Amino acid sequence: MGVNYTTVGELKEGNYIVIDGEPCRVVEIQKAKTGKHGAAKANVVAISIFTGAKKTLMAPVDQQVEVPIIEKHVGQILADTGDKLQVMDLNTYETFEMERPKEEDLASKIRPGAEIEYWTIMGRNKIVRVK
């Protein structure tokens, strides 16, 4: 499925984590030491890579969590069909469709022939940069 594992205690801001099956980027971590015999807990706030939704995870610091494996690729936009883009990977030359980015700074630069950097995360593609 394209994931590794780490513990909640090892997470830092800027790391990536899977919450509710959704790959997210950690934006805030608060760790709290509970009473005499309790385990330390962490409150993790993260933003979904694909939807931009805010997700939170409250868990003991020694709990295992999934970390998505991010594959970085370079592609070229072949066609813009409105809400979908036809893209060719510049290493493998395979062509495929992917969703048009919702972020305005990326969407405004989308045009046929443009070179893009895209990430493949858990079987889904996301444009992160238009060159």
# chains A, B, ... in the order shown; residues from 1 in each chain; ligands from 1
call {"tool": "select_by_dssp", "arguments": {"residues": "chain A", "states": "strand (DSSP E or B)", "output": "VMD selection string"}}
result
chain A and resid 3 to 7 16 to 19 22 to 32 41 to 48 54 to 60 64 to 68 70 to 80 84 to 89 95 to 99 115 to 121 124 to 130
call {"tool": "residues_around", "arguments": {"residues": "A:Phe50", "least_positions_apart": "4", "cutoff": "9 Å", "atoms": "only C-alpha atoms", "output": "PyMOL selection string"}}
result
chain A and resi 22-24+124-126
call {"tool": "write_last_selection", "arguments": {"atoms": "N, CA and C atoms", "output": "compact mmCIF listing (two decimals), in the first residue's frame"}}
result
# COMPACT_ATOMS: atom_id res chain seq x y z
N GLU A 22 -5.89 8.69 5.15
CA GLU A 22 -5.61 9.87 4.32
C GLU A 22 -4.18 10.35 4.62
N PRO A 23 -3.30 10.45 3.59
CA PRO A 23 -1.95 10.97 3.83
C PRO A 23 -2.01 12.46 4.19
N CYS A 24 -1.31 12.84 5.26
CA CYS A 24 -1.37 14.21 5.78
C CYS A 24 0.04 14.71 6.12
N ARG A 124 -2.20 7.45 -5.38
CA ARG A 124 -2.85 8.66 -5.90
C ARG A 124 -1.79 9.67 -6.31
N ASN A 125 -2.09 10.48 -7.34
CA ASN A 125 -1.13 11.48 -7.84
C ASN A 125 -1.56 12.88 -7.43
N LYS A 126 -0.56 13.73 -7.17
CA LYS A 126 -0.82 15.14 -6.80
C LYS A 126 0.26 16.01 -7.41
call {"tool": "residues_around", "arguments": {"residues": "A:Ala79", "least_positions_apart": "3", "cutoff": "7 Å", "atoms": "only C-alpha atoms", "output": "PyMOL selection string"}}
result
chain A and resi 85-86+112
call {"tool": "select_by_dssp", "arguments": {"residues": "stretch 29-118 of chain A", "states": "helix (DSSP H, G or I)", "output": "PyMOL selection string"}}
result
chain A and resi 104-107
call {"tool": "atom_distance", "arguments": {"atom1": "atom CA of A:His73", "atom2": "atom CA of A:Leu11"}}
result
25.1 Å
call {"tool": "atom_distance", "arguments": {"atom1": "atom CA of A:Met88", "atom2": "atom CA of A:Pro68"}}
result
23.5 Å
call {"tool": "residues_around", "arguments": {"residues": "stretch 96-102 of chain A", "least_positions_apart": "3", "cutoff": "12 Å", "atoms": "only C-alpha atoms", "output": "MDAnalysis selection string"}}
result
chainID A and resid 49:52 75:90 92:93 105:111 116:120 123:130
call {"tool": "residues_around", "arguments": {"residues": "A:Tyr5", "least_positions_apart": "5", "cutoff": "7 Å", "atoms": "only C-alpha atoms", "output": "list in words"}}
result
Gln64, Val65, Glu66 and Val67 of chain A
call {"tool": "residues_around", "arguments": {"residues": "A:Lys55", "least_positions_apart": "3", "cutoff": "12 Å", "atoms": "only C-alpha atoms", "output": "list in words"}}
result
Ile17, Val18, Ile19, Asp20, Gly21, Glu22, Pro23, Cys24, Arg25, Val26, Val27, Glu28, Asn43, Val44, Val45, Ala46, Ile47, Ser48, Ile49, Thr51, Gly52 and Met58 of chain A
call {"tool": "atom_distance", "arguments": {"atom1": "atom CA of A:Val8", "atom2": "atom CA of A:Val61"}}
result
4.7 Å
call {"tool": "closest_residue", "arguments": {"among": "A:Lys36, A:Lys54, A:Asn15, A:Gly2", "to": "A:Glu71", "atoms": "only C-alpha atoms"}}
result
A:Gly2
call {"tool": "decode", "arguments": {"residues": "stretch 63-79 of chain A", "atoms": "N, CA, C and O atoms", "output": "PDB file, in the first residue's frame"}}
result
ATOM      1  N   GLN A  63       2.748   4.597  20.375  1.00  0.00           N
ATOM      2  CA  GLN A  63       1.859   3.950  19.392  1.00  0.00           C
ATOM      3  C   GLN A  63       2.452   4.044  17.994  1.00  0.00           C
ATOM      4  O   GLN A  63       2.985   5.064  17.600  1.00  0.00           O
ATOM      5  N   GLN A  64       2.322   2.931  17.232  1.00  0.00           N
ATOM      6  CA  GLN A  64       2.807   2.919  15.852  1.00  0.00           C
ATOM      7  C   GLN A  64       1.817   3.640  14.948  1.00  0.00           C
ATOM      8  O   GLN A  64       0.613   3.488  15.106  1.00  0.00           O
ATOM      9  N   VAL A  65       2.328   4.437  14.015  1.00  0.00           N
ATOM     10  CA  VAL A  65       1.493   5.102  13.020  1.00  0.00           C
ATOM     11  C   VAL A  65       2.100   4.871  11.640  1.00  0.00           C
ATOM     12  O   VAL A  65       3.286   4.598  11.517  1.00  0.00           O
ATOM     13  N   GLU A  66       1.250   4.977  10.619  1.00  0.00           N
ATOM     14  CA  GLU A  66       1.705   4.779   9.244  1.00  0.00           C
ATOM     15  C   GLU A  66       2.267   6.079   8.684  1.00  0.00           C
ATOM     16  O   GLU A  66       1.724   7.151   8.924  1.00  0.00           O
ATOM     17  N   VAL A  67       3.353   5.960   7.931  1.00  0.00           N
ATOM     18  CA  VAL A  67       3.963   7.092   7.239  1.00  0.00           C
ATOM     19  C   VAL A  67       3.891   6.783   5.747  1.00  0.00           C
ATOM     20  O   VAL A  67       4.387   5.743   5.313  1.00  0.00           O
ATOM     21  N   PRO A  68       3.234   7.653   4.952  1.00  0.00           N
ATOM     22  CA  PRO A  68       3.116   7.343   3.519  1.00  0.00           C
ATOM     23  C   PRO A  68       4.461   7.454   2.810  1.00  0.00           C
ATOM     24  O   PRO A  68       5.268   8.313   3.126  1.00  0.00           O
ATOM     25  N   ILE A  69       4.684   6.569   1.846  1.00  0.00           N
ATOM     26  CA  ILE A  69       5.888   6.651   1.009  1.00  0.00           C
ATOM     27  C   ILE A  69       5.549   7.578  -0.157  1.00  0.00           C
ATOM     28  O   ILE A  69       4.562   7.366  -0.854  1.00  0.00           O
ATOM     29  N   ILE A  70       6.357   8.620  -0.326  1.00  0.00           N
ATOM     30  CA  ILE A  70       6.112   9.612  -1.377  1.00  0.00           C
ATOM     31  C   ILE A  70       7.117   9.412  -2.494  1.00  0.00           C
ATOM     32  O   ILE A  70       8.321   9.489  -2.274  1.00  0.00           O
ATOM     33  N   GLU A  71       6.603   9.110  -3.691  1.00  0.00           N
ATOM     34  CA  GLU A  71       7.470   8.985  -4.869  1.00  0.00           C
ATOM     35  C   GLU A  71       7.357  10.284  -5.651  1.00  0.00           C
ATOM     36  O   GLU A  71       6.255  10.716  -5.973  1.00  0.00           O
ATOM     37  N   LYS A  72       8.494  10.897  -5.957  1.00  0.00           N
ATOM     38  CA  LYS A  72       8.493  12.173  -6.676  1.00  0.00           C
ATOM     39  C   LYS A  72       8.829  11.935  -8.147  1.00  0.00           C
ATOM     40  O   LYS A  72       9.765  11.210  -8.461  1.00  0.00           O
ATOM     41  N   HIS A  73       8.037  12.540  -9.025  1.00  0.00           N
ATOM     42  CA  HIS A  73       8.193  12.345 -10.466  1.00  0.00           C
ATOM     43  C   HIS A  73       8.133  13.691 -11.190  1.00  0.00           C
ATOM     44  O   HIS A  73       7.629  14.668 -10.658  1.00  0.00           O
ATOM     45  N   VAL A  74       8.610  13.673 -12.440  1.00  0.00           N
ATOM     46  CA  VAL A  74       8.499  14.842 -13.305  1.00  0.00           C
ATOM     47  C   VAL A  74       7.672  14.421 -14.518  1.00  0.00           C
ATOM     48  O   VAL A  74       7.878  13.343 -15.071  1.00  0.00           O
ATOM     49  N   GLY A  75       6.722  15.280 -14.886  1.00  0.00           N
ATOM     50  CA  GLY A  75       5.862  14.963 -16.017  1.00  0.00           C
ATOM     51  C   GLY A  75       5.617  16.199 -16.869  1.00  0.00           C
ATOM     52  O   GLY A  75       6.084  17.299 -16.550  1.00  0.00           O
ATOM     53  N   GLN A  76       4.885  15.999 -17.955  1.00  0.00           N
ATOM     54  CA  GLN A  76       4.518  17.101 -18.838  1.00  0.00           C
ATOM     55  C   GLN A  76       3.031  17.000 -19.123  1.00  0.00           C
ATOM     56  O   GLN A  76       2.506  15.914 -19.365  1.00  0.00           O
ATOM     57  N   ILE A  77       2.353  18.154 -19.074  1.00  0.00           N
ATOM     58  CA  ILE A  77       0.922  18.177 -19.350  1.00  0.00           C
ATOM     59  C   ILE A  77       0.715  18.081 -20.858  1.00  0.00           C
ATOM     60  O   ILE A  77       1.267  18.889 -21.616  1.00  0.00           O
ATOM     61  N   LEU A  78      -0.056  17.072 -21.275  1.00  0.00           N
ATOM     62  CA  LEU A  78      -0.351  16.899 -22.697  1.00  0.00           C
ATOM     63  C   LEU A  78      -1.647  17.611 -23.069  1.00  0.00           C
ATOM     64  O   LEU A  78      -1.743  18.217 -24.123  1.00  0.00           O
ATOM     65  N   ALA A  79      -2.666  17.504 -22.185  1.00  0.00           N
ATOM     66  CA  ALA A  79      -3.958  18.107 -22.495  1.00  0.00           C
ATOM     67  C   ALA A  79      -4.678  18.492 -21.205  1.00  0.00           C
ATOM     68  O   ALA A  79      -4.494  17.861 -20.164  1.00  0.00           O
TER      69      ALA A  79
END
